[in-house]
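**Student:** Got a structure for you, written out below as structure tokens; questions coming shortly.
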Amino acid sequence: PLYSAAASDVYKSQTSPLDVTENIMIKHATLTAIALATGVSAAQAETLNVGMSGGYFPFTFVKLDELQGFEVDFINAVAKETGDEVNFVTMSFSGLIGALESGRIDTIANQITITPEREAKFAFSQPYVFDGAQVVVKEGNEDTIGSVEDLSGKTVAVNLGSNFEELLNELPNAGEIDIRTYESNIAQDTALGRVDAFVMDRVSSAQLIAESPLPLALAGKPFSEIRNALPFRNDDEGQALRDRFDAAITKLKEDGTLTEISEKWFGSDITTAE
């Protein structure tokens with residue numbers, strides 16, 4: 001796949017996923033979908049601009065100048081079904097929605113959670129990841145922060161532009177939580193004690209703790225169900241593209257490809273609801 005970087009936070013290595021570098025340009029193009037194998041004519045093939053942050057291990061990150069991760073494999077598998085070529089465009093997470101609205105990209109593959117507000121603006125594909133919102137604390141503090149109720153009087157970090165701020169604000173004790181938004185480095189600041197906790201999806205949190213040397217721990221169980229999908233512009237062209245992607249996702253679920261991709265990155269299937 002083609003890959004272009006724009007103001008992105010990217011992970012330089014899988015063993016150190018928190019080492020973030022701005023504006024990495026990847027110079028190679030790999031995938032050209034084979035139309036005869038998919039039953040799609042070359043005339044119908046398009047180059048689709050797919051946005052992602054490139055800094056959300058293990059969903060999308062850079063290792064040895066190569067963009068990779070669950071989302072990359074997923075989109076490449078979808079493109080193989082639809083017969084399209086893919087140009088991955090990376091930028092800061094907070095800029096992805098605006099880029100989609102302005103037409104700079106055709107969709108976002110970065111664990112975009114379906115919310116009522118987003119559904120009112122975008123045409124979503126079917127969910128392809130099912131997860132939960134997770135509180136993460138400095139190792140040793142999980143004894144004092146074991147649930148969202150324990151966040152009262154605490155400072156809690158979330159990534160700017162994510163839905164986790166909204167989820168925290170929906171809690172009964174939301175008025176007692178000091179929520180701080182970050183472009184990056186929420187894990188580092190939690191480990192250093194600059195904030196008491198951060199909230200992210202459970203799958204990424206568990207992977208980050210397993211791969212990172214930072215002293216972090218999961219605090220209790222997930223407190224909200226998350227369904228993640230691909231958003232498209234809610235016009236005729238966007239809806240048509242959504243329908244093409246949906247058909248491909250259904251096939252990938254039915255033939256086991258989506259499960260294989262999930263097992264590769266997580267050791268379990270996160271693509272179906274429990």
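Numbering starts fresh at 1 for the residues of each chain in the structure tokens, the chains themselves are lettered A, B, ... in the order given, and ligands are numbered from 1 as they appear.
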Once DSSP has gone over the backbone, tell me which residues of segment 138-244 of chain A are in strand (DSSP E or B), as a PyMOL selection string.
**Tutor:** chain A and resi 138+155-159+178-182+197-201+216-218+225-229+231-233
**Student:** Take the residues that were just selected and, keeping C-alpha atoms, output them as a PDB file, in the first residue's frame.
**Tutor:**
ATOM      1  CA  LYS A 138       0.715   3.363  37.399  1.00  0.00           C
ATOM      2  CA  THR A 155      -6.700  13.531  37.112  1.00  0.00           C
ATOM      3  CA  VAL A 156      -7.430  11.312  34.114  1.00  0.00           C
ATOM      4  CA  ALA A 157      -5.860  11.623  30.660  1.00  0.00           C
ATOM      5  CA  VAL A 158      -7.535  10.822  27.336  1.00  0.00           C
ATOM      6  CA  ASN A 159      -6.406  11.229  23.745  1.00  0.00           C
ATOM      7  CA  ASP A 178     -10.260  16.241  36.287  1.00  0.00           C
ATOM      8  CA  ILE A 179     -10.151  15.157  32.621  1.00  0.00           C
ATOM      9  CA  ARG A 180      -7.100  16.208  30.603  1.00  0.00           C
ATOM     10  CA  THR A 181      -6.767  15.795  26.837  1.00  0.00           C
ATOM     11  CA  TYR A 182      -3.473  14.791  25.204  1.00  0.00           C
ATOM     12  CA  ALA A 197      -4.765   7.411  35.202  1.00  0.00           C
ATOM     13  CA  PHE A 198      -5.614   7.331  31.529  1.00  0.00           C
ATOM     14  CA  VAL A 199      -8.515   5.775  29.651  1.00  0.00           C
ATOM     15  CA  MET A 200      -8.124   3.847  26.408  1.00  0.00           C
ATOM     16  CA  ASP A 201      -9.658   0.734  24.884  1.00  0.00           C
ATOM     17  CA  LEU A 216       1.443   0.373  34.177  1.00  0.00           C
ATOM     18  CA  ALA A 217      -1.506  -1.797  35.187  1.00  0.00           C
ATOM     19  CA  LEU A 218      -5.143  -2.290  34.243  1.00  0.00           C
ATOM     20  CA  GLU A 225     -18.853  -1.387  25.520  1.00  0.00           C
ATOM     21  CA  ILE A 226     -17.197  -0.066  22.377  1.00  0.00           C
ATOM     22  CA  ARG A 227     -18.123  -0.907  18.782  1.00  0.00           C
ATOM     23  CA  ASN A 228     -15.566   0.310  16.247  1.00  0.00           C
ATOM     24  CA  ALA A 229     -16.230   0.776  12.538  1.00  0.00           C
ATOM     25  CA  PRO A 231     -16.844   6.122   8.917  1.00  0.00           C
ATOM     26  CA  PHE A 232     -17.616   7.497   5.450  1.00  0.00           C
ATOM     27  CA  ARG A 233     -19.041  10.804   4.315  1.00  0.00           C
TER      28      ARG A 233
END
**Student:** Which one is closest to Ala273 of chain A: A:Asp131, A:Glu71, A:Glu46, A:Glu66? Count only C-alpha atoms.
**Tutor:**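 The answer is A:Asp131, which sits nearest to Ala273 of chain A.
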**Student:** So that I can see what lies close to Phe59 of chain A, please list as a ChimeraX atom specification the residues with an atom at most 12 Å from it, counting only C-alpha atoms and leaving out residues fewer than 5 positions away in the same chain.
**Tutor:** /A:10-11,14,17,52-54,67-75,109-112,129,201,203-205,207-208,261-262,264-266,270
**Student:** Counting only C-alpha atoms, which residue out of A:Val137, A:Ala120, A:Val148, A:Ile97 sits closest to Gly193 of chain A?
**Tutor:**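 Answer, going by the shortest atom-to-atom distance: A:Val137.
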**Student:** Quick one: distance from atom CA of Gly220 of chain A to atom CA of Ala206 of chain A in Å, one decimal?
**Tutor:**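 We find that atom CA of Gly220 of chain A and atom CA of Ala206 of chain A lie 12.2 Å from each other.
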**Student:** Among the residues of segment 40-265 of chain A, find those DSSP assigns to alpha helix (DSSP H) from the backbone and print them as a PyMOL selection string.
**Tutor:** chain A and resi 70-82+96-102+116-119+164-169+186-191+202-211+236-254+257-265
**Student:** Can you work out the spacing between atom CA of Lys221 of chain A and atom CA of Ile186 of chain A in Å, to one decimal?
**Tutor:** 19.4 Å
**Student:** Point out the residue among A:Leu192, A:Leu100, A:Leu167, A:Ile105 with the least atom-to-atom distance to Asn87 of chain A, counting only C-alpha atoms.
**Tutor:**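 Nearest to Asn87 of chain A: A:Ile105.
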**Student:** In Å, how far is it from atom CA of Ala210 of chain A to atom CA of Phe164 of chain A?
**Tutor:**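 These atoms are spaced 21.7 Å apart.
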